[in-house]
file run.csv (CSV, C-alpha atoms and all ligand atoms)
chain,number,residue,atom,x,y,z
A,115,MET,CA,9.6,-20.9,1.4
A,116,SER,CA,6.9,-18.5,0.4
A,117,ASP,CA,7.4,-14.7,0.4
A,118,ALA,CA,5.3,-14.4,3.6
A,119,ASP,CA,7.6,-16.8,5.4
A,120,ARG,CA,10.6,-14.6,4.5
A,121,GLY,CA,9.2,-11.2,5.8
A,122,ARG,CA,10.6,-9.4,8.8
A,123,VAL,CA,7.3,-10.0,10.7
A,124,ALA,CA,6.3,-13.2,8.8
A,125,GLY,CA,3.4,-15.1,10.3
A,126,LYS,CA,2.7,-12.5,13.0
A,127,VAL,CA,-0.7,-11.0,13.7
A,128,ALA,CA,-1.0,-7.2,14.1
A,129,ILE,CA,-3.7,-4.7,15.0
A,130,VAL,CA,-3.0,-1.1,13.8
A,131,THR,CA,-5.4,1.6,15.1
A,132,GLY,CA,-6.2,4.7,13.0
A,133,ALA,CA,-5.2,2.7,10.0
A,134,ALA,CA,-7.6,4.4,7.5
A,135,ALA,CA,-5.1,7.1,6.7
A,136,GLY,CA,-1.7,8.7,7.4
A,137,ILE,CA,0.9,7.0,9.6
A,138,GLY,CA,-1.5,4.2,10.6
A,139,ARG,CA,-2.3,3.2,6.9
A,140,ALA,CA,1.4,3.3,6.0
A,141,SER,CA,2.3,1.2,9.1
A,142,ALA,CA,-0.4,-1.4,8.3
A,143,CYS,CA,0.8,-1.7,4.7
A,144,ARG,CA,4.5,-1.9,5.7
A,145,LEU,CA,3.7,-4.7,8.3
A,146,ALA,CA,1.7,-6.6,5.7
A,147,GLU,CA,4.5,-6.2,3.1
A,148,GLU,CA,6.8,-8.0,5.6
A,149,GLY,CA,4.4,-10.9,6.1
A,150,ALA,CA,2.1,-9.9,9.0
A,151,LYS,CA,-1.6,-10.5,9.0
A,152,VAL,CA,-3.1,-7.1,9.8
A,153,CYS,CA,-6.3,-5.8,11.3
A,154,LEU,CA,-6.8,-2.2,10.2
A,155,SER,CA,-9.1,-0.5,12.8
A,156,ASP,CA,-10.5,3.0,12.5
A,157,ILE,CA,-13.5,5.1,13.4
A,158,ASP,CA,-13.5,5.6,9.6
A,159,GLU,CA,-14.6,2.1,8.6
A,160,ALA,CA,-14.7,2.8,4.9
A,161,GLY,CA,-11.1,4.1,4.9
A,162,ALA,CA,-9.9,1.1,6.9
A,163,GLU,CA,-11.6,-1.3,4.4
A,164,GLN,CA,-9.9,0.6,1.5
A,165,GLY,CA,-6.5,-0.1,3.2
A,166,ALA,CA,-7.3,-3.7,3.8
A,167,ALA,CA,-8.5,-4.1,0.2
A,168,GLU,CA,-5.2,-2.6,-1.0
A,169,ILE,CA,-3.2,-5.1,1.1
A,170,ARG,CA,-5.3,-8.1,-0.1
A,171,SER,CA,-4.9,-6.9,-3.7
A,172,LEU,CA,-1.1,-7.3,-3.2
A,173,GLY,CA,-1.5,-10.8,-1.8
A,174,GLY,CA,-1.4,-9.9,1.9
A,175,LYS,CA,-3.9,-10.8,4.6
A,176,ALA,CA,-6.0,-8.0,6.1
A,177,LEU,CA,-9.2,-7.3,8.0
A,178,ALA,CA,-10.9,-4.0,8.5
A,179,LEU,CA,-13.0,-3.1,11.6
A,180,ALA,CA,-14.9,-0.1,12.9
A,181,HIS,CA,-13.3,1.0,16.1
A,182,ASP,CA,-13.5,4.1,18.3
A,183,VAL,CA,-10.3,3.7,20.4
A,184,ALA,CA,-11.8,5.7,23.2
A,185,GLU,CA,-14.4,3.0,23.8
A,186,GLU,CA,-13.3,0.0,25.9
A,187,ALA,CA,-16.1,-2.2,24.5
A,188,ASP,CA,-14.9,-1.6,20.9
A,189,TRP,CA,-11.4,-2.7,22.0
A,190,ARG,CA,-12.8,-6.0,23.3
A,191,ARG,CA,-14.7,-6.6,20.0
A,192,VAL,CA,-11.7,-5.7,17.8
A,193,ILE,CA,-9.2,-7.9,19.7
A,194,ASP,CA,-11.7,-10.9,19.8
A,195,ALA,CA,-12.4,-10.6,16.1
A,196,THR,CA,-8.7,-10.4,15.2
A,197,VAL,CA,-7.8,-13.4,17.3
A,198,ALA,CA,-10.8,-15.3,15.8
A,199,GLN,CA,-9.8,-14.4,12.2
A,200,PHE,CA,-6.0,-14.8,12.4
A,201,GLY,CA,-5.5,-17.2,15.4
A,202,GLY,CA,-3.7,-14.9,17.9
A,203,LEU,CA,-2.2,-11.5,18.5
A,204,ASP,CA,1.5,-10.6,18.4
A,205,ILE,CA,1.7,-6.8,17.5
A,206,LEU,CA,-0.4,-3.8,18.5
A,207,VAL,CA,0.3,-0.4,17.1
A,208,ASN,CA,-1.6,2.2,19.2
A,209,ASN,CA,-1.6,4.9,16.5
A,210,ALA,CA,-5.0,6.5,16.4
A,211,GLY,CA,-5.0,10.1,17.7
A,212,PHE,CA,-5.8,13.7,16.8
A,213,ALA,CA,-4.6,17.2,17.6
A,214,PHE,CA,-6.1,20.6,17.7
A,215,ALA,CA,-4.5,24.1,18.1
A,216,ALA,CA,-6.0,26.3,20.8
A,217,GLY,CA,-4.6,28.5,23.6
A,218,ILE,CA,-5.1,27.3,27.1
A,219,GLU,CA,-7.9,29.8,27.9
A,220,GLU,CA,-9.8,28.9,24.7
A,221,THR,CA,-9.5,25.1,25.2
A,222,THR,CA,-12.9,23.8,26.4
A,223,THR,CA,-13.3,21.1,29.0
A,224,GLU,CA,-15.0,18.9,26.4
A,225,GLN,CA,-12.0,19.3,24.0
A,226,TRP,CA,-9.6,18.4,26.9
A,227,ARG,CA,-11.7,15.3,27.8
A,228,ARG,CA,-12.0,14.1,24.2
A,229,ILE,CA,-8.3,14.4,23.4
A,230,MET,CA,-7.4,12.6,26.7
A,231,ALA,CA,-9.9,9.8,25.8
A,232,VAL,CA,-8.7,9.4,22.2
A,233,ASN,CA,-5.0,9.8,22.7
A,234,VAL,CA,-4.5,8.4,26.2
A,235,ASP,CA,-7.4,6.2,27.3
A,236,SER,CA,-7.0,4.4,24.0
A,237,VAL,CA,-3.4,3.4,24.8
A,238,PHE,CA,-4.4,2.2,28.3
A,239,PHE,CA,-7.3,0.1,26.9
A,240,GLY,CA,-5.1,-1.2,24.1
A,241,CYS,CA,-2.3,-2.3,26.4
A,242,LYS,CA,-4.6,-3.7,29.1
A,243,LEU,CA,-6.6,-5.8,26.7
A,244,ALA,CA,-3.9,-6.8,24.1
A,245,ILE,CA,-1.4,-8.1,26.7
A,246,PRO,CA,-3.6,-11.1,27.8
A,247,ALA,CA,-4.4,-11.9,24.2
A,248,MET,CA,-0.6,-11.8,23.4
A,249,ARG,CA,0.1,-14.0,26.4
A,250,GLU,CA,-2.5,-16.5,25.3
A,251,SER,CA,-0.9,-16.5,21.8
A,252,GLY,CA,2.2,-17.7,23.6
A,253,GLY,CA,5.0,-16.1,21.5
A,254,GLY,CA,5.6,-12.9,23.3
A,255,GLY,CA,4.6,-9.6,21.6
A,256,ALA,CA,5.4,-6.1,20.7
A,257,ILE,CA,3.4,-2.9,21.4
A,258,VAL,CA,4.2,0.3,19.6
A,259,ASN,CA,2.6,3.5,21.0
A,260,MET,CA,2.5,6.6,18.8
A,261,SER,CA,3.6,9.6,20.8
A,262,SER,CA,5.2,12.6,19.1
A,263,ILE,CA,8.0,15.1,19.4
A,264,LEU,CA,5.3,17.1,21.2
A,265,GLY,CA,5.4,14.4,23.9
A,266,LEU,CA,9.1,15.5,24.4
A,267,VAL,CA,9.0,19.3,24.0
A,268,GLY,CA,6.2,21.8,24.4
A,269,THR,CA,4.7,24.1,21.9
A,270,PRO,CA,2.3,27.1,22.2
A,271,ALA,CA,-1.4,26.3,21.5
A,272,GLN,CA,-0.8,22.6,21.8
A,273,ALA,CA,-0.7,22.2,25.6
A,274,ALA,CA,-3.5,19.6,25.6
A,275,TYR,CA,-1.9,17.6,22.9
A,276,ASN,CA,1.5,17.9,24.6
A,277,ALA,CA,-0.1,16.5,27.8
A,278,THR,CA,-1.5,13.4,25.9
A,279,LYS,CA,1.7,12.6,24.1
A,280,GLY,CA,3.8,13.1,27.2
A,281,ALA,CA,1.4,10.7,29.0
A,282,VAL,CA,1.9,8.1,26.2
A,283,ARG,CA,5.7,8.4,26.6
A,284,LEU,CA,5.8,7.6,30.3
A,285,PHE,CA,2.9,5.1,30.3
A,286,THR,CA,4.9,3.2,27.7
A,287,LYS,CA,7.9,2.9,30.0
A,288,GLY,CA,5.8,1.7,33.0
A,289,VAL,CA,4.1,-1.0,31.0
A,290,ALA,CA,7.4,-2.0,29.4
A,291,LEU,CA,9.0,-2.5,32.8
A,292,GLU,CA,6.0,-4.5,34.1
A,293,CYS,CA,6.1,-6.8,31.0
A,294,ALA,CA,9.9,-7.2,31.4
A,295,GLU,CA,9.7,-8.0,35.1
A,296,SER,CA,6.9,-10.5,34.4
A,297,GLY,CA,8.9,-12.4,31.8
A,298,TRP,CA,6.1,-12.4,29.3
A,299,GLY,CA,8.4,-11.6,26.3
A,300,ILE,CA,6.2,-8.6,25.5
A,301,ARG,CA,8.1,-5.4,24.5
A,302,VAL,CA,6.5,-1.9,24.7
A,303,ASN,CA,8.0,1.2,23.0
A,304,SER,CA,7.0,4.6,21.8
A,305,VAL,CA,7.6,6.4,18.5
A,306,HIS,CA,8.0,10.2,18.4
A,307,PRO,CA,7.6,11.7,14.9
A,308,ALA,CA,8.0,15.4,14.1
A,309,TYR,CA,5.7,16.9,11.4
A,310,ILE,CA,4.8,14.1,8.9
A,311,HIS,CA,2.9,14.7,5.7
A,312,THR,CA,-0.5,13.1,6.5
A,313,PRO,CA,-4.1,14.3,6.3
A,314,MET,CA,-3.7,15.6,9.9
A,315,VAL,CA,-0.7,17.8,8.9
A,316,GLU,CA,-2.3,18.8,5.6
A,317,ARG,CA,-5.3,20.3,7.5
A,318,TYR,CA,-2.8,22.3,9.7
A,319,ALA,CA,-0.6,23.3,6.8
A,320,GLU,CA,-3.6,24.7,4.9
A,321,THR,CA,-4.0,27.3,7.7
A,322,TRP,CA,-1.0,29.1,6.1
A,323,GLY,CA,-3.3,29.9,3.1
A,324,SER,CA,-2.1,27.1,0.9
A,325,LEU,CA,-0.9,23.5,1.4
A,326,ASP,CA,2.5,24.2,-0.3
A,327,ALA,CA,3.1,27.3,1.8
A,328,GLY,CA,2.2,25.5,5.0
A,329,LEU,CA,4.4,22.4,4.2
A,330,ALA,CA,7.3,24.7,3.3
A,331,ALA,CA,7.0,26.6,6.6
A,332,LEU,CA,6.7,23.5,8.7
A,333,GLY,CA,9.6,21.9,6.8
A,334,LYS,CA,11.9,24.8,7.9
A,335,LEU,CA,11.3,23.7,11.6
A,336,HIS,CA,13.4,20.6,10.8
A,337,PRO,CA,17.2,20.7,10.4
A,338,LEU,CA,16.8,18.3,7.5
A,339,GLY,CA,14.7,21.0,5.8
A,340,ARG,CA,11.4,19.2,5.1
A,341,VAL,CA,8.5,17.5,6.8
A,342,GLY,CA,8.6,13.7,7.0
A,343,GLU,CA,6.7,11.0,5.1
A,344,ALA,CA,4.4,8.5,6.7
A,345,GLU,CA,6.5,5.6,5.3
A,346,GLU,CA,9.5,7.0,7.2
A,347,VAL,CA,7.5,6.5,10.5
A,348,ALA,CA,6.1,3.1,9.3
A,349,ASN,CA,9.7,1.8,8.9
A,350,ALA,CA,10.3,2.7,12.6
A,351,VAL,CA,7.1,0.9,13.6
A,352,LEU,CA,8.1,-2.2,11.6
A,353,TYR,CA,11.5,-2.3,13.3
A,354,LEU,CA,10.1,-2.1,16.8
A,355,ALA,CA,7.4,-4.6,16.0
A,356,SER,CA,9.9,-7.1,14.6
A,357,ASP,CA,12.3,-9.5,16.3
A,358,GLU,CA,15.1,-7.3,15.1
A,359,ALA,CA,14.3,-5.1,18.2
A,360,LYS,CA,14.2,-8.1,20.6
A,361,PHE,CA,16.5,-6.3,23.1
A,362,VAL,CA,14.5,-3.0,22.8
A,363,THR,CA,11.9,-2.1,25.3
A,364,GLY,CA,10.7,1.1,27.1
A,365,THR,CA,12.6,3.2,24.6
A,366,GLU,CA,11.4,6.3,22.7
A,367,LEU,CA,12.4,6.2,19.0
A,368,VAL,CA,12.5,9.8,17.7
A,369,ILE,CA,11.9,10.2,13.9
A,370,ASP,CA,12.1,14.0,13.5
A,371,GLY,CA,14.6,15.2,10.9
A,372,GLY,CA,16.7,16.6,13.8
A,373,TYR,CA,13.8,18.7,15.3
A,374,THR,CA,14.6,17.9,18.9
A,375,ALA,CA,18.4,17.8,18.4
A,376,ALA,CA,18.5,21.6,18.1
A,401,LIG,N1,1.3,13.6,11.3
A,401,LIG,C1,2.2,14.1,12.2
A,401,LIG,O1,2.9,15.1,12.0
A,401,LIG,C2,2.3,13.4,13.5
A,401,LIG,C3,3.4,13.7,14.3
A,401,LIG,C4,3.6,13.1,15.5
A,401,LIG,C5,2.7,12.2,16.0
A,401,LIG,N2,1.6,11.9,15.2
A,401,LIG,C6,0.6,11.0,15.7
A,401,LIG,O2,0.5,9.9,14.8
A,401,LIG,C7,-0.8,9.4,14.9
A,401,LIG,C8,-1.4,9.3,13.5
A,401,LIG,O3,-1.4,10.7,13.0
A,401,LIG,P1,-1.7,11.0,11.4
A,401,LIG,O4,-0.9,12.2,11.1
A,401,LIG,O5,-1.5,9.8,10.6
A,401,LIG,O6,-3.2,11.4,11.6
A,401,LIG,P2,-4.4,11.4,10.5
A,401,LIG,O7,-5.5,12.3,11.0
A,401,LIG,O8,-3.9,11.6,9.1
A,401,LIG,O9,-4.9,9.9,10.6
A,401,LIG,C9,-5.4,9.5,11.9
A,401,LIG,C10,-6.4,8.3,11.7
A,401,LIG,O10,-6.9,8.0,13.1
A,401,LIG,C11,-8.3,7.9,13.0
A,401,LIG,N3,-9.0,8.2,14.2
A,401,LIG,C12,-9.2,9.4,14.8
A,401,LIG,N4,-9.9,9.3,15.9
A,401,LIG,C13,-10.1,8.0,16.1
A,401,LIG,C14,-10.8,7.3,17.1
A,401,LIG,N5,-11.4,7.8,18.2
A,401,LIG,N6,-10.8,5.9,17.0
A,401,LIG,C15,-10.2,5.3,15.9
A,401,LIG,N7,-9.6,5.9,14.9
A,401,LIG,C16,-9.5,7.3,15.0
A,401,LIG,C17,-8.8,8.8,11.8
A,401,LIG,O11,-10.0,8.4,11.3
A,401,LIG,C18,-7.6,8.7,10.9
A,401,LIG,O12,-7.8,7.6,9.9
A,401,LIG,C19,-1.6,10.2,15.8
A,401,LIG,O13,-1.6,9.6,17.1
A,401,LIG,C20,-0.8,11.5,15.9
A,401,LIG,O14,-1.0,12.2,17.1
A,401,LIG,C21,1.4,12.5,14.0

call {"tool": "encode", "arguments": {"input": "run.csv", "output": "structure tokens"}}
result
Amino acid sequence: MSDADRGRVAGKVAIVTGAAAGIGRASACRLAEEGAKVCLSDIDEAGAEQGAAEIRSLGGKALALAHDVAEEADWRRVIDATVAQFGGLDILVNNAGFAFAAGIEETTTEQWRRIMAVNVDSVFFGCKLAIPAMRESGGGGAIVNMSSILGLVGTPAQAAYNATKGAVRLFTKGVALECAESGWGIRVNSVHPAYIHTPMVERYAETWGSLDAGLAALGKLHPLGRVGEAEEVANAVLYLASDEAKFVTGTELVIDGGYTAA
């Protein structure tokens, strides 16, 4: 038996969006380590290719594709290319997303529409178009949608982001129940990280005046006393994507160092 046969997602084909950096990159690498063939998609094609090259250099199978997740046509191209290259689709990680901080009166209509398009339309397109590809692949499937603790609780100056991540949480449950009722063997779950040390949070932390000061201040918001690491979220993604979670659907897996327990 080869190493790839022994992995926790051995032989499965995965698409991870927003895989050039942060949680997406860590999730793509973790899935590949455990035997999945992975398409890393991102609006940052060079970054996605860098991740794919890293996976290939370690003996894994990876493909990088340019992808704006807000564009339905891009989704069709990415799914078709992945199926053509790897022979099917078993796992989709709807990870790409962004945040901005602005009070409700300062938030422009353009900002509202763009964050809805990138964080919510993307998850709709991904589920709508991946499910038929998974059904054609014949072995069921697993979809993991990246929400946030800010899809569970509100925070000032993040109302638009709160709205997108709350939408992802409940959309996930609706699609999960539809898939369960249809008997397709496709599970759909959401992941809810607190502050995780990624380029997105580095940009936010720097508004404290220095990265270290920002990370220390954000760390104090978590009962465990620090921000999380991308690999800690990737492990949750791997679990939900794997057959170890075969009785888990419609759930919200919170990875937050205790943030929402307080
Ligand atoms: N970092 C955190 O603290 C945190 C916490 C909770 C949830 N999340 C969520 O996790 C996901 C990943 O966050 P991250 O911290 O790794 O962010 P990041 O900014 O570090 O990385 C996000 C990646 O998504 C890509 N991307 C952005 N817009 C895109 C688009 N339209 N199409 C395709 N790719 C696009 C970027 O190029 C980048 O590579 C996001 O959905 C975010 O909302 C992050």

call {"tool": "residues_around", "arguments": {"input": "run.csv", "residues": "segment 290-303 of chain A", "least_positions_apart": "4", "cutoff": "10 Å", "atoms": "all atoms listed in the file", "output": "number ranges by chain"}}
result
A: 204-207, 241, 245-246, 248-249, 252-261, 282-286, 351, 354-355, 359-367

call {"tool": "residues_near_ligand", "arguments": {"input": "run.csv", "ligand": "ligand LIG 401 (chain A)", "cutoff": "7 Å", "atoms": "only C-alpha atoms and all ligand atoms", "output": "ChimeraX atom specification"}}
result
/A:131-138,155-158,161,181-184,209-213,232-233,260-263,306-315

call {"tool": "closest_residue", "arguments": {"input": "run.csv", "among": "A:Val305, A:Leu325, A:Ala176, A:Cys153", "to": "Leu352 of chain A", "atoms": "only C-alpha atoms"}}
result
A:Val305

call {"tool": "closest_residue", "arguments": {"input": "run.csv", "among": "A:Asn208, A:Gln164, A:Gln225, A:Thr374", "to": "Gln272 of chain A", "atoms": "only C-alpha atoms"}}
result
A:Gln225

call {"tool": "atom_distance", "arguments": {"input": "run.csv", "atom1": "atom CA of Gly372 of chain A", "atom2": "atom CA of Ala319 of chain A"}}
result
19.8 Å

call {"tool": "atom_distance", "arguments": {"input": "run.csv", "atom1": "atom CA of Val289 of chain A", "atom2": "atom CA of Val234 of chain A"}}
result
13.6 Å

call {"tool": "atom_distance", "arguments": {"input": "run.csv", "atom1": "atom CA of Tyr318 of chain A", "atom2": "atom CA of Thr269 of chain A"}}
result
14.4 Å

call {"tool": "closest_residue", "arguments": {"input": "run.csv", "among": "A:Met230, A:Ala331, A:Ile193, A:Ala162", "to": "Leu179 of chain A", "atoms": "all atoms listed in the file"}}
result
A:Ala162

call {"tool": "closest_residue", "arguments": {"input": "run.csv", "among": "A:Ala344, A:Leu172, A:Leu266, A:Ala273", "to": "Ser304 of chain A", "atoms": "all atoms listed in the file"}}
result
A:Leu266

call {"tool": "closest_residue", "arguments": {"input": "run.csv", "among": "A:Lys175, A:Ala166, A:Ala160, A:Thr321", "to": "Ala124 of chain A", "atoms": "all atoms listed in the file"}}
result
A:Lys175

call {"tool": "closest_residue", "arguments": {"input": "run.csv", "among": "A:Glu147, A:Glu345, A:Glu219, A:Asp188", "to": "Arg170 of chain A", "atoms": "all atoms listed in the file"}}
result
A:Glu147

call {"tool": "residues_near_point", "arguments": {"input": "run.csv", "point": "(4.2, -0.7, 1.9)", "cutoff": "12 Å", "atoms": "only C-alpha atoms", "output": "list in words"}}
result
Ile137, Gly138, Arg139, Ala140, Ser141, Ala142, Cys143, Arg144, Leu145, Ala146, Glu147, Glu148, Gly149, Ala150, Gly165, Glu168, Ile169, Leu172, Gly174, Ala344, Glu345, Glu346, Val347, Ala348, Asn349 and Leu352 of chain A

call {"tool": "write_last_selection", "arguments": {"input": "run.csv", "atoms": "C-alpha atoms", "output": "tab-separated table (two decimals), in the coordinates of the input"}}
result
chain	number	residue	atom	x	y	z
A	137	ILE	CA	0.90	7.00	9.60
A	138	GLY	CA	-1.50	4.20	10.60
A	139	ARG	CA	-2.30	3.20	6.90
A	140	ALA	CA	1.40	3.30	6.00
A	141	SER	CA	2.30	1.20	9.10
A	142	ALA	CA	-0.40	-1.40	8.30
A	143	CYS	CA	0.80	-1.70	4.70
A	144	ARG	CA	4.50	-1.90	5.70
A	145	LEU	CA	3.70	-4.70	8.30
A	146	ALA	CA	1.70	-6.60	5.70
A	147	GLU	CA	4.50	-6.20	3.10
A	148	GLU	CA	6.80	-8.00	5.60
A	149	GLY	CA	4.40	-10.90	6.10
A	150	ALA	CA	2.10	-9.90	9.00
A	165	GLY	CA	-6.50	-0.10	3.20
A	168	GLU	CA	-5.20	-2.60	-1.00
A	169	ILE	CA	-3.20	-5.10	1.10
A	172	LEU	CA	-1.10	-7.30	-3.20
A	174	GLY	CA	-1.40	-9.90	1.90
A	344	ALA	CA	4.40	8.50	6.70
A	345	GLU	CA	6.50	5.60	5.30
A	346	GLU	CA	9.50	7.00	7.20
A	347	VAL	CA	7.50	6.50	10.50
A	348	ALA	CA	6.10	3.10	9.30
A	349	ASN	CA	9.70	1.80	8.90
A	352	LEU	CA	8.10	-2.20	11.60

call {"tool": "decode", "arguments": {"input": "run.csv", "residues": "segment 303-336 of chain A", "atoms": "C-alpha atoms", "output": "PDB file, in the first residue's frame"}}
result
ATOM      1  CA  ASN A 303     -20.855  21.598   7.311  1.00  0.00           C
ATOM      2  CA  SER A 304     -19.540  24.996   8.378  1.00  0.00           C
ATOM      3  CA  VAL A 305     -16.373  25.917  10.285  1.00  0.00           C
ATOM      4  CA  HIS A 306     -16.256  28.918  12.630  1.00  0.00           C
ATOM      5  CA  PRO A 307     -12.741  30.111  13.469  1.00  0.00           C
ATOM      6  CA  ALA A 308     -11.946  32.968  15.865  1.00  0.00           C
ATOM      7  CA  TYR A 309      -8.934  35.214  15.069  1.00  0.00           C
ATOM      8  CA  ILE A 310      -6.383  33.114  13.183  1.00  0.00           C
ATOM      9  CA  HIS A 311      -2.842  34.252  12.301  1.00  0.00           C
ATOM     10  CA  THR A 312      -3.134  34.685   8.514  1.00  0.00           C
ATOM     11  CA  PRO A 313      -2.345  37.558   6.121  1.00  0.00           C
ATOM     12  CA  MET A 314      -5.936  38.809   6.669  1.00  0.00           C
ATOM     13  CA  VAL A 315      -5.479  39.094  10.438  1.00  0.00           C
ATOM     14  CA  GLU A 316      -1.928  40.438  10.078  1.00  0.00           C
ATOM     15  CA  ARG A 317      -3.349  43.359   8.085  1.00  0.00           C
ATOM     16  CA  TYR A 318      -5.894  44.002  10.877  1.00  0.00           C
ATOM     17  CA  ALA A 319      -3.339  43.519  13.694  1.00  0.00           C
ATOM     18  CA  GLU A 320      -1.013  46.100  12.127  1.00  0.00           C
ATOM     19  CA  THR A 321      -3.666  48.784  12.765  1.00  0.00           C
ATOM     20  CA  TRP A 322      -2.554  48.581  16.453  1.00  0.00           C
ATOM     21  CA  GLY A 323       0.760  50.170  15.359  1.00  0.00           C
ATOM     22  CA  SER A 324       2.770  46.945  15.217  1.00  0.00           C
ATOM     23  CA  LEU A 325       1.997  43.345  14.296  1.00  0.00           C
ATOM     24  CA  ASP A 326       3.130  42.051  17.700  1.00  0.00           C
ATOM     25  CA  ALA A 327       0.989  44.568  19.592  1.00  0.00           C
ATOM     26  CA  GLY A 328      -2.032  43.730  17.436  1.00  0.00           C
ATOM     27  CA  LEU A 329      -1.633  39.959  17.774  1.00  0.00           C
ATOM     28  CA  ALA A 330      -1.182  40.309  21.547  1.00  0.00           C
ATOM     29  CA  ALA A 331      -4.338  42.436  21.843  1.00  0.00           C
ATOM     30  CA  LEU A 332      -6.366  40.064  19.667  1.00  0.00           C
ATOM     31  CA  GLY A 333      -4.967  37.085  21.579  1.00  0.00           C
ATOM     32  CA  LYS A 334      -6.442  38.459  24.813  1.00  0.00           C
ATOM     33  CA  LEU A 335      -9.953  38.149  23.334  1.00  0.00           C
ATOM     34  CA  HIS A 336      -9.596  34.350  23.512  1.00  0.00           C
TER      35      HIS A 336
END
